[in-house]
>>> print(open('query.cif').read())   # mmCIF, C-alpha atoms
data_protein
loop_
_atom_site.label_atom_id
_atom_site.label_comp_id
_atom_site.auth_asym_id
_atom_site.auth_seq_id
_atom_site.Cartn_x
_atom_site.Cartn_y
_atom_site.Cartn_z
CA MET R 12 -45.50 1.82 17.04
CA ILE R 13 -42.70 3.03 14.78
CA TYR R 14 -39.94 5.05 16.40
CA ASP R 15 -38.20 7.77 14.44
CA VAL R 16 -34.87 6.67 15.88
CA ILE R 17 -33.73 3.60 17.74
CA ILE R 18 -30.40 4.07 19.50
CA ILE R 19 -28.55 0.93 20.48
CA GLY R 20 -26.27 1.57 23.43
CA SER R 21 -26.47 3.80 26.50
CA GLY R 22 -22.96 5.09 27.09
CA PRO R 23 -22.05 8.74 26.59
CA SER R 24 -22.50 8.53 22.80
CA GLY R 25 -25.88 6.76 22.80
CA LEU R 26 -27.42 8.94 25.48
CA THR R 27 -26.03 12.17 24.04
CA ALA R 28 -27.54 11.17 20.70
CA ALA R 29 -30.83 10.63 22.57
CA ILE R 30 -30.69 14.14 24.08
CA TYR R 31 -30.32 15.59 20.59
CA THR R 32 -32.93 13.45 18.83
CA THR R 33 -35.57 13.98 21.53
CA ARG R 34 -34.96 17.70 21.50
CA ALA R 35 -35.49 17.57 17.74
CA ASN R 36 -38.90 16.03 18.49
CA LEU R 37 -37.96 12.64 17.14
CA LYS R 38 -39.64 9.70 18.87
CA THR R 39 -36.60 8.00 20.40
CA LEU R 40 -36.01 4.58 21.89
CA VAL R 41 -32.73 3.63 23.52
CA ILE R 42 -31.86 -0.04 23.77
CA GLY R 43 -29.78 0.50 26.89
CA GLY R 44 -28.62 -3.04 27.55
CA THR R 45 -28.88 -4.93 30.83
CA LYS R 46 -25.67 -3.20 31.87
CA TRP R 47 -26.62 0.31 30.87
CA GLY R 48 -24.19 3.19 31.00
CA GLY R 49 -21.23 1.65 29.23
CA GLN R 50 -17.61 1.70 30.27
CA LEU R 51 -17.94 4.78 32.46
CA GLN R 52 -19.82 2.62 34.95
CA LEU R 53 -16.51 0.88 35.57
CA THR R 54 -14.52 4.04 36.25
CA SER R 55 -14.03 6.29 39.25
CA ASP R 56 -12.98 9.93 38.88
CA ILE R 57 -13.46 11.53 35.49
CA GLU R 58 -11.23 14.58 35.53
CA ASN R 59 -11.39 15.61 31.88
CA PHE R 60 -15.09 15.98 31.18
CA PRO R 61 -15.77 19.69 30.72
CA GLY R 62 -18.15 21.30 33.17
CA PHE R 63 -16.94 19.37 36.20
CA PRO R 64 -13.91 21.30 37.49
CA GLU R 65 -13.69 19.13 40.61
CA GLY R 66 -14.09 15.92 38.60
CA ILE R 67 -17.08 13.60 38.69
CA GLN R 68 -17.54 9.88 39.30
CA GLY R 69 -18.16 7.94 36.06
CA PRO R 70 -21.44 6.34 37.22
CA GLU R 71 -22.69 9.70 38.51
CA LEU R 72 -21.93 11.32 35.15
CA MET R 73 -23.90 8.58 33.39
CA ASN R 74 -26.86 9.02 35.75
CA ARG R 75 -26.92 12.70 34.90
CA ILE R 76 -26.69 12.18 31.14
CA ARG R 77 -29.47 9.58 31.37
CA LYS R 78 -31.72 11.94 33.35
CA GLN R 79 -31.11 14.62 30.77
CA ALA R 80 -32.13 12.30 27.93
CA GLU R 81 -35.22 11.12 29.83
CA ARG R 82 -36.21 14.68 30.61
CA PHE R 83 -36.79 15.26 26.91
CA GLY R 84 -38.73 12.05 26.47
CA ALA R 85 -36.19 9.37 25.52
CA GLU R 86 -37.54 5.92 26.26
CA ILE R 87 -34.82 3.65 27.66
CA VAL R 88 -35.20 -0.11 27.90
CA GLU R 89 -32.64 -2.06 29.88
CA SER R 90 -32.47 -5.13 27.71
CA ASP R 91 -29.84 -6.42 25.33
CA PHE R 92 -30.01 -6.13 21.57
CA THR R 93 -30.09 -9.61 20.09
CA LEU R 94 -31.06 -9.33 16.45
CA GLY R 95 -31.52 -6.73 13.75
CA ASP R 96 -32.71 -6.74 10.17
CA PHE R 97 -31.14 -3.80 8.37
CA SER R 98 -32.00 -5.03 4.88
CA THR R 99 -35.45 -3.45 4.70
CA ARG R 100 -36.93 -0.25 6.06
CA PRO R 101 -38.33 0.44 8.55
CA PHE R 102 -35.70 -1.49 10.49
CA LYS R 103 -36.82 -4.25 12.82
CA ILE R 104 -34.75 -5.20 15.82
CA THR R 105 -35.19 -7.54 18.75
CA ALA R 106 -34.11 -6.81 22.31
CA GLY R 107 -35.07 -8.67 25.47
CA GLY R 108 -37.42 -10.88 23.44
CA LYS R 109 -39.43 -7.92 22.11
CA GLU R 110 -39.49 -6.52 18.61
CA TYR R 111 -39.10 -2.80 17.96
CA VAL R 112 -39.45 -0.92 14.69
CA GLY R 113 -37.57 2.25 13.79
CA LYS R 114 -37.22 4.46 10.74
CA SER R 115 -33.55 5.02 11.54
CA MET R 116 -30.87 3.55 13.81
CA ILE R 117 -27.85 4.81 15.66
CA ILE R 118 -25.40 2.12 16.68
CA ALA R 119 -23.55 3.20 19.83
CA THR R 120 -22.66 -0.09 21.46
CA GLY R 121 -19.13 0.91 22.44
CA ALA R 122 -16.38 -1.52 23.25
CA ASN R 123 -15.53 -4.03 25.96
CA ALA R 124 -12.26 -4.66 27.74
CA LYS R 125 -10.08 -7.37 26.26
CA TRP R 126 -8.83 -10.26 28.36
CA LEU R 127 -5.36 -11.76 28.00
CA GLY R 128 -6.68 -15.09 26.76
CA VAL R 129 -4.12 -17.13 28.68
CA LYS R 130 -4.50 -20.35 30.63
CA GLY R 131 -5.95 -19.89 34.11
CA GLU R 132 -7.50 -16.51 33.37
CA GLN R 133 -11.24 -17.01 32.79
CA GLU R 134 -11.91 -19.11 35.91
CA LYS R 135 -10.12 -16.60 38.13
CA ILE R 136 -12.05 -13.53 37.05
CA GLY R 137 -13.35 -12.20 40.34
CA HIS R 138 -10.76 -14.21 42.21
CA GLY R 139 -7.74 -12.05 41.54
CA VAL R 140 -8.19 -11.31 37.84
CA SER R 141 -9.98 -8.04 37.09
CA VAL R 142 -10.46 -5.32 34.46
CA CYS R 143 -11.80 -2.76 36.92
CA ALA R 144 -9.26 -1.13 39.24
CA PRO R 145 -11.71 1.27 40.87
CA CYS R 146 -14.09 -1.64 41.60
CA ASP R 147 -11.65 -4.19 42.89
CA GLY R 148 -8.55 -2.30 44.06
CA PHE R 149 -9.97 -2.31 47.59
CA PHE R 150 -9.41 -6.06 47.88
CA PHE R 151 -5.68 -5.73 47.27
CA LYS R 152 -4.69 -3.60 50.24
CA ASN R 153 -0.99 -4.17 50.98
CA LYS R 154 -0.77 -6.84 48.31
CA ASN R 155 1.42 -7.23 45.24
CA ILE R 156 -0.30 -6.92 41.92
CA ILE R 157 0.35 -6.76 38.20
CA VAL R 158 -1.19 -4.43 35.67
CA ALA R 159 -0.93 -5.88 32.17
CA GLY R 160 -0.75 -3.32 29.37
CA GLY R 161 1.25 -0.37 28.10
CA GLY R 162 -1.27 2.32 27.19
CA ASP R 163 -2.78 5.24 29.08
CA SER R 164 -5.52 3.15 30.62
CA ALA R 165 -2.95 0.68 32.01
CA MET R 166 -1.02 3.59 33.54
CA GLU R 167 -4.21 4.98 35.04
CA GLU R 168 -5.11 1.59 36.50
CA ALA R 169 -1.64 1.32 38.00
CA MET R 170 -1.92 4.78 39.56
CA VAL R 171 -5.34 3.99 41.05
CA LEU R 172 -4.03 0.71 42.43
CA THR R 173 -1.07 2.31 44.23
CA GLY R 174 -3.72 3.67 46.60
CA PHE R 175 -4.27 0.12 47.79
CA ALA R 176 -1.45 -2.24 46.87
CA SER R 177 2.04 -2.22 48.34
CA GLN R 178 3.57 -2.78 44.92
CA VAL R 179 2.23 -2.56 41.39
CA THR R 180 4.19 -4.11 38.54
CA ILE R 181 3.31 -3.04 35.02
CA VAL R 182 3.92 -5.93 32.64
CA HIS R 183 4.12 -4.92 29.00
CA ARG R 184 5.10 -7.16 26.14
CA ARG R 185 6.90 -4.51 24.09
CA GLU R 186 10.04 -2.52 24.73
CA GLU R 187 8.25 0.82 24.82
CA LEU R 188 5.09 1.94 26.54
CA ARG R 189 2.30 3.28 24.34
CA ALA R 190 1.11 5.66 27.03
CA SER R 191 1.37 9.44 26.74
CA GLU R 192 4.49 11.21 28.06
CA ILE R 193 2.67 12.68 31.04
CA MET R 194 1.30 9.30 32.16
CA GLN R 195 4.64 7.58 31.67
CA LYS R 196 6.31 10.24 33.79
CA LYS R 197 3.75 9.82 36.58
CA VAL R 198 4.27 6.07 36.56
CA ARG R 199 8.08 6.19 36.44
CA GLU R 200 8.18 8.65 39.32
CA ASN R 201 5.90 6.57 41.53
CA PRO R 202 8.01 4.54 44.00
CA LYS R 203 5.27 1.90 44.30
CA ILE R 204 5.27 1.11 40.57
CA LYS R 205 7.77 -1.17 38.89
CA LEU R 206 8.04 -1.61 35.13
CA MET R 207 8.67 -4.94 33.45
CA LEU R 208 9.01 -4.36 29.73
CA ASN R 209 9.51 -6.95 26.99
CA THR R 210 7.61 -9.34 29.20
CA GLU R 211 4.29 -11.10 28.85
CA ILE R 212 2.04 -13.21 31.00
CA VAL R 213 1.63 -16.70 29.57
CA GLU R 214 -0.30 -18.37 32.38
CA ILE R 215 -2.11 -17.41 35.57
CA LEU R 216 -1.49 -19.71 38.51
CA GLY R 217 -3.55 -20.59 41.58
CA GLU R 218 -6.40 -22.85 42.61
CA ALA R 219 -9.25 -20.88 44.21
CA LYS R 220 -7.56 -17.54 43.63
CA VAL R 221 -4.54 -16.03 41.93
CA THR R 222 -1.24 -16.92 43.55
CA GLY R 223 1.19 -16.21 40.74
CA VAL R 224 1.90 -15.97 37.04
CA LYS R 225 4.18 -17.55 34.50
CA ILE R 226 5.89 -14.80 32.58
CA LYS R 227 7.94 -14.90 29.46
CA ASP R 228 10.92 -12.69 28.76
CA ASN R 229 10.38 -11.74 25.13
CA GLN R 230 14.08 -11.12 24.50
CA THR R 231 15.42 -14.41 25.79
CA GLY R 232 12.24 -16.49 25.49
CA LYS R 233 12.80 -17.67 29.04
CA ILE R 234 9.72 -18.49 31.13
CA SER R 235 9.74 -17.98 34.87
CA GLU R 236 7.25 -17.95 37.73
CA MET R 237 6.43 -14.91 39.81
CA PRO R 238 4.23 -14.92 42.92
CA ILE R 239 1.44 -12.30 42.74
CA ASP R 240 -1.91 -11.63 44.44
CA GLY R 241 -3.82 -10.06 41.60
CA ILE R 242 -3.77 -9.15 37.92
CA PHE R 243 -5.49 -6.16 36.38
CA VAL R 244 -5.85 -6.44 32.63
CA ALA R 245 -5.72 -3.19 30.62
CA ILE R 246 -4.71 -4.20 27.12
CA GLY R 247 -7.34 -2.40 25.13
CA HIS R 248 -10.84 -2.97 23.87
CA THR R 249 -12.87 -4.88 21.34
CA PRO R 250 -15.64 -2.96 19.56
CA ASN R 251 -19.11 -4.45 20.06
CA SER R 252 -19.95 -4.73 16.38
CA LYS R 253 -20.28 -8.47 15.74
CA ILE R 254 -24.01 -8.56 16.44
CA PHE R 255 -24.88 -6.31 13.52
CA LYS R 256 -25.32 -8.33 10.35
CA GLY R 257 -24.80 -6.42 7.13
CA ILE R 258 -22.98 -3.49 8.73
CA GLU R 259 -19.45 -3.19 7.36
CA VAL R 260 -16.51 -3.22 9.76
CA ASP R 261 -12.75 -2.80 9.29
CA ASN R 262 -10.19 -5.54 9.93
CA GLU R 263 -10.20 -4.83 13.68
CA GLY R 264 -13.98 -4.94 13.92
CA TYR R 265 -14.62 -1.20 14.12
CA ILE R 266 -17.69 -0.10 12.18
CA LYS R 267 -16.75 1.69 8.97
CA VAL R 268 -17.86 5.28 8.68
CA PHE R 269 -18.82 6.79 5.36
CA GLU R 270 -19.33 10.57 5.25
CA HIS R 271 -19.84 11.90 8.78
CA SER R 272 -21.72 9.29 10.84
CA LYS R 273 -23.14 7.11 8.09
CA THR R 274 -22.59 3.36 7.89
CA ASN R 275 -22.79 1.37 4.65
CA VAL R 276 -26.56 1.03 5.19
CA SER R 277 -28.66 4.09 4.46
CA GLY R 278 -30.50 5.15 7.62
CA VAL R 279 -28.11 3.39 10.00
CA PHE R 280 -25.68 5.72 11.76
CA VAL R 281 -22.84 5.06 14.17
CA ALA R 282 -21.37 6.86 17.19
CA GLY R 283 -18.69 6.34 19.81
CA ASP R 284 -16.15 3.62 20.57
CA VAL R 285 -17.77 1.05 18.28
CA HIS R 286 -16.32 3.00 15.35
CA ASP R 287 -13.71 5.22 17.00
CA LYS R 288 -10.36 3.60 17.57
CA HIS R 289 -8.41 6.85 17.84
CA TYR R 290 -9.81 8.89 20.72
CA GLN R 291 -11.98 6.69 22.92
CA GLN R 292 -12.81 9.43 25.41
CA ALA R 293 -16.09 10.11 27.19
CA ILE R 294 -16.22 13.57 25.65
CA THR R 295 -15.43 12.45 22.10
CA ALA R 296 -18.02 9.67 22.41
CA ALA R 297 -20.58 12.27 23.49
CA GLY R 298 -19.52 14.46 20.56
CA PHE R 299 -19.92 11.59 18.09
CA GLY R 300 -23.37 10.98 19.60
CA ALA R 301 -24.43 14.55 18.92
CA GLN R 302 -23.03 14.33 15.40
CA ALA R 303 -24.85 11.07 14.62
CA ALA R 304 -28.10 12.53 15.98
CA LEU R 305 -27.83 15.61 13.76
CA GLU R 306 -27.07 13.45 10.73
CA THR R 307 -30.04 11.22 11.53
CA GLU R 308 -32.31 14.23 11.79
CA LEU R 309 -31.16 15.47 8.36
CA TRP R 310 -31.61 12.04 6.84
CA LEU R 311 -35.15 11.70 8.22
CA GLU R 312 -36.01 15.15 6.85
CA SER R 313 -34.73 14.11 3.45
CA LEU R 314 -37.22 11.23 3.41
CA GLU R 315 -40.21 13.48 3.76
CA MET W 2 -39.49 -4.09 52.72
CA ALA W 3 -37.57 -6.04 55.32
CA ASP W 4 -34.06 -4.95 56.21
CA ILE W 5 -31.79 -7.19 54.21
CA ASN W 6 -28.42 -5.98 55.42
CA ILE W 7 -26.19 -8.73 56.70
CA THR W 8 -23.14 -7.95 58.84
CA ASP W 9 -20.13 -9.74 60.30
CA GLN W 10 -22.22 -10.16 63.46
CA THR W 11 -25.34 -11.58 61.81
CA PHE W 12 -23.75 -13.59 58.98
CA GLN W 13 -23.47 -16.81 60.98
CA LYS W 14 -27.16 -16.82 61.88
CA GLU W 15 -28.57 -15.32 58.68
CA VAL W 16 -26.54 -17.32 56.18
CA VAL W 17 -24.43 -20.14 57.58
CA GLU W 18 -27.14 -21.56 59.82
CA THR W 19 -29.94 -21.06 57.33
CA LYS W 20 -31.28 -24.12 55.54
CA GLY W 21 -32.00 -23.83 51.84
CA LEU W 22 -30.97 -21.06 49.50
CA VAL W 23 -29.50 -17.71 50.59
CA VAL W 24 -28.37 -15.14 48.04
CA VAL W 25 -25.83 -12.54 49.21
CA ASP W 26 -24.86 -9.42 47.27
CA PHE W 27 -21.42 -8.06 48.25
CA TRP W 28 -21.28 -4.35 47.48
CA ALA W 29 -19.70 -1.01 48.32
CA ALA W 30 -20.84 2.59 47.97
CA TRP W 31 -17.85 3.45 45.77
CA CYS W 32 -18.46 0.67 43.26
CA GLY W 33 -20.33 1.86 40.17
CA PRO W 34 -21.65 -1.47 38.89
CA CYS W 35 -22.90 -2.25 42.43
CA ARG W 36 -25.35 0.59 42.03
CA MET W 37 -26.89 -1.25 39.08
CA VAL W 38 -27.16 -4.52 40.96
CA SER W 39 -28.48 -3.11 44.23
CA PRO W 40 -32.01 -2.22 43.03
CA ILE W 41 -32.23 -5.62 41.27
CA ILE W 42 -31.42 -7.35 44.55
CA ASP W 43 -34.10 -5.27 46.31
CA GLU W 44 -36.67 -6.34 43.72
CA LEU W 45 -35.67 -9.98 43.94
CA ALA W 46 -35.88 -9.83 47.75
CA THR W 47 -39.45 -8.62 47.43
CA GLU W 48 -40.40 -11.09 44.70
CA TYR W 49 -38.99 -14.06 46.58
CA ALA W 50 -40.02 -12.93 50.07
CA GLY W 51 -40.80 -15.98 52.19
CA LYS W 52 -39.18 -18.33 49.66
CA VAL W 53 -35.53 -17.34 49.35
CA LYS W 54 -33.50 -15.26 51.75
CA ILE W 55 -31.75 -12.49 49.85
CA GLY W 56 -29.35 -10.12 51.59
CA LYS W 57 -26.54 -7.62 51.15
CA VAL W 58 -23.12 -7.28 52.71
CA ASN W 59 -21.36 -3.91 52.68
CA VAL W 60 -17.70 -4.87 52.19
CA ASP W 61 -16.39 -1.66 53.79
CA GLU W 62 -18.04 -2.48 57.10
CA ASN W 63 -17.75 -6.27 57.18
CA SER W 64 -14.19 -7.29 56.43
CA GLN W 65 -14.46 -10.56 58.35
CA VAL W 66 -17.02 -12.11 56.00
CA VAL W 67 -15.26 -10.64 52.96
CA ASN W 68 -11.98 -12.33 53.94
CA GLN W 69 -13.62 -15.56 54.93
CA TYR W 70 -15.23 -16.00 51.51
CA SER W 71 -12.33 -14.48 49.52
CA VAL W 72 -14.48 -11.87 47.83
CA MET W 73 -12.09 -10.03 45.51
CA SER W 74 -14.35 -8.37 43.02
CA LEU W 75 -17.44 -6.21 43.15
CA PRO W 76 -20.25 -6.73 42.77
CA SER W 77 -20.16 -10.42 43.71
CA VAL W 78 -23.43 -12.24 44.23
CA VAL W 79 -22.84 -15.46 46.14
CA PHE W 80 -25.37 -18.29 46.32
CA PHE W 81 -25.32 -20.34 49.55
CA LYS W 82 -27.07 -23.65 49.94
CA ASP W 83 -27.54 -24.92 53.49
CA GLY W 84 -24.87 -22.48 54.62
CA GLN W 85 -22.27 -23.45 52.02
CA PRO W 86 -21.22 -21.14 49.19
CA PHE W 87 -21.36 -22.93 45.87
CA LYS W 88 -21.72 -20.34 43.17
CA THR W 89 -20.53 -16.76 42.65
CA MET W 90 -21.69 -14.41 39.92
CA VAL W 91 -19.09 -11.69 39.41
CA GLY W 92 -19.84 -8.31 37.89
CA ALA W 93 -23.19 -6.70 37.17
CA GLN W 94 -25.58 -9.11 35.47
CA ALA W 95 -29.09 -8.83 34.13
CA LYS W 96 -31.94 -9.39 36.56
CA GLU W 97 -32.98 -12.35 34.43
CA SER W 98 -29.61 -14.07 34.97
CA TYR W 99 -29.95 -13.88 38.76
CA LYS W 100 -33.54 -15.02 38.51
CA GLN W 101 -32.65 -17.97 36.33
CA GLU W 102 -30.06 -19.09 38.83
CA ILE W 103 -32.50 -18.80 41.74
CA GLU W 104 -35.26 -20.63 39.86
CA GLN W 105 -32.90 -23.44 38.97
CA LEU W 106 -31.80 -23.80 42.57
CA ILE W 107 -35.22 -23.77 44.19
CA SER W 108 -36.62 -26.26 41.72
CA GLY W 109 -33.59 -28.56 41.78
#
>>> encode(input="query.cif", output="structure tokens")
Amino acid sequence: MIYDVIIIGSGPSGLTAAIYTTRANLKTLVIGGTKWGGQLQLTSDIENFPGFPEGIQGPELMNRIRKQAERFGAEIVESDFTLGDFSTRPFKITAGGKEYVGKSMIIATGANAKWLGVKGEQEKIGHGVSVCAPCDGFFFKNKNIIVAGGGDSAMEEAMVLTGFASQVTIVHRREELRASEIMQKKVRENPKIKLMLNTEIVEILGEAKVTGVKIKDNQTGKISEMPIDGIFVAIGHTPNSKIFKGIEVDNEGYIKVFEHSKTNVSGVFVAGDVHDKHYQQAITAAGFGAQAALETELWLESLE
Amino acid sequence: MADINITDQTFQKEVVETKGLVVVDFWAAWCGPCRMVSPIIDELATEYAGKVKIGKVNVDENSQVVNQYSVMSLPSVVFFKDGQPFKTMVGAQAKESYKQEIEQLISG
């Protein structure tokens, strides 16, 4: 069978695209990934998605968007994309060991959290090192923890964690935070949060679990040790674009967009965090999904 | 399907004193990724019924076990052999990954 559209990714952009393509009567397959739902699955309260005045839990929002896409006939497979040939049409891709054929593609694979990449980090993921405050904050009741990062998501993580920890220290390597004014204000006014600027983590210490860090003062170059129970990493994201051969990306790995949602390959479109380094919001991702779906529909019509 | 909930009270008998492989999924209602893993664990429990004991621990209700095994991340799936923990898979994984691990352990 040949699908009209194959959407790779099942976060807000991929599934919104699926709602639009199925409603346009296009035979739609979503390669949802073994961890479907994207980054929102790792969040708690979403307070800025329109239509939910009381807020909604990230995973609940994703369940609803998925149901909506399935209601109109989107087929969703929970396997990972492994290979794609975008050189000839129709496009052939492989996911979960099976081959699928589609006339057009929408890449909506999003982005993944970055790790610090320091000594002692990888082996202590799940043992004091985490990228998911709402998931793991619970285990740090009355403990001292670090949040690494200086953007809005780091501030949000720190705020969430004050609900559990006795003290949260934000460690940021630059002199100024990148976070918005309103988030910075919230953080600075919170008595449980301490700021350590111009500082970076160079090593994570501990045997079975995190017991401390080595931190470097970026002004003096001095390295010192600091006891700590946990480290939450919030230093940004890497777009999931490496797996697509022949699709052009910029120097940071974000897929290049030509004219609305088009990639450099005719018939392959892009939506969401895998190309968007500016907004990275659930609602903008959903918007990009709708846009890519409409562009795909137009492109398919133009073939006929 | 058999009840596969394990608690602070039953952990000793169900896991520590059980010979062979026991797989334990640590979860909580408020943890998003746990909701992806939970149905996978149910399926595996059915598929491996009679061969491998597969259970779940709700971390909100069973702090004793959680502290004892230093669970600090959810979901955590811990593999016990003859009552001893020897491998932990942190974060939601594909069903195939859990299966692979189980297969390797029952054949080896």
>>> closest_residue(input="query.cif", among="R:Gly247, R:Gly283, R:Gly300, R:Gly137", to="Thr89 (chain W)", atoms="only C-alpha atoms")
R:Gly137
>>> closest_residue(input="query.cif", among="W:Glu104, W:Asp26, W:Glu44, W:Glu97", to="Val79 (chain W)", atoms="all atoms listed in the file")
W:Asp26
>>> atom_distance(input="query.cif", atom1="CA of Val24 (chain W)", atom2="CA of Gly108 (chain R)")
26.6 Å
>>> resolve_selection(input="query.cif", expression="the PyMOL selection byres ((chain W) within 10 of (chain R))", output="count of residues only")
31
>>> residues_around(input="query.cif", residues="Asp284 (chain R)", least_positions_apart="3", cutoff="8 Å", atoms="only C-alpha atoms", output="list in words")
Ala119, Thr120, Gly121, Ala122, Pro250, Asp287, Lys288, Gln291 and Ala296 of chain R
>>> write_last_selection(input="query.cif", atoms="C-alpha atoms", output="PDB file, in the coordinates of the input")
ATOM      1  CA  ALA R 119     -23.550   3.200  19.830  1.00  0.00           C
ATOM      2  CA  THR R 120     -22.660  -0.090  21.460  1.00  0.00           C
ATOM      3  CA  GLY R 121     -19.130   0.910  22.440  1.00  0.00           C
ATOM      4  CA  ALA R 122     -16.380  -1.520  23.250  1.00  0.00           C
ATOM      5  CA  PRO R 250     -15.640  -2.960  19.560  1.00  0.00           C
ATOM      6  CA  ASP R 287     -13.710   5.220  17.000  1.00  0.00           C
ATOM      7  CA  LYS R 288     -10.360   3.600  17.570  1.00  0.00           C
ATOM      8  CA  GLN R 291     -11.980   6.690  22.920  1.00  0.00           C
ATOM      9  CA  ALA R 296     -18.020   9.670  22.410  1.00  0.00           C
TER      10      ALA R 296
END
>>> closest_residue(input="query.cif", among="R:Glu167, R:Glu306, R:Glu134, R:Asp15", to="Arg100 (chain R)", atoms="all atoms listed in the file")
R:Asp15
>>> closest_residue(input="query.cif", among="R:Ser24, R:Ser313, R:Ile118, R:Val279", to="Tyr265 (chain R)", atoms="all atoms listed in the file")
R:Ile118
>>> build_atoms(input="query.cif", residues="region 66-78 of chain W", atoms="N, CA and C atoms", output="tab-separated table (two decimals), keeping the file's coordinate frame")
chain	number	residue	atom	x	y	z
W	66	VAL	N	-16.32	-11.26	56.97
W	66	VAL	CA	-17.02	-12.11	56.00
W	66	VAL	C	-16.33	-12.05	54.64
W	67	VAL	N	-15.90	-10.84	54.26
W	67	VAL	CA	-15.26	-10.64	52.96
W	67	VAL	C	-14.00	-11.51	52.86
W	68	ASN	N	-13.19	-11.51	53.94
W	68	ASN	CA	-11.98	-12.33	53.94
W	68	ASN	C	-12.30	-13.80	53.95
W	69	GLN	N	-13.28	-14.15	54.77
W	69	GLN	CA	-13.62	-15.56	54.93
W	69	GLN	C	-14.03	-16.19	53.60
W	70	TYR	N	-14.76	-15.43	52.77
W	70	TYR	CA	-15.23	-16.00	51.51
W	70	TYR	C	-14.41	-15.53	50.31
W	71	SER	N	-13.24	-14.93	50.58
W	71	SER	CA	-12.33	-14.48	49.52
W	71	SER	C	-13.04	-13.69	48.43
W	72	VAL	N	-13.88	-12.76	48.83
W	72	VAL	CA	-14.48	-11.87	47.83
W	72	VAL	C	-13.40	-10.91	47.36
W	73	MET	N	-13.16	-10.87	46.04
W	73	MET	CA	-12.09	-10.03	45.51
W	73	MET	C	-12.55	-9.17	44.35
W	74	SER	N	-13.85	-9.10	44.16
W	74	SER	CA	-14.35	-8.37	43.02
W	74	SER	C	-15.76	-7.90	43.35
W	75	LEU	N	-16.10	-6.71	42.88
W	75	LEU	CA	-17.44	-6.21	43.15
W	75	LEU	C	-18.15	-5.85	41.85
W	76	PRO	N	-19.44	-5.99	41.80
W	76	PRO	CA	-20.25	-6.73	42.77
W	76	PRO	C	-20.05	-8.24	42.63
W	77	SER	N	-20.16	-8.95	43.74
W	77	SER	CA	-20.16	-10.42	43.71
W	77	SER	C	-21.45	-10.88	44.36
W	78	VAL	N	-22.22	-11.68	43.64
W	78	VAL	CA	-23.43	-12.24	44.23
W	78	VAL	C	-23.15	-13.72	44.48
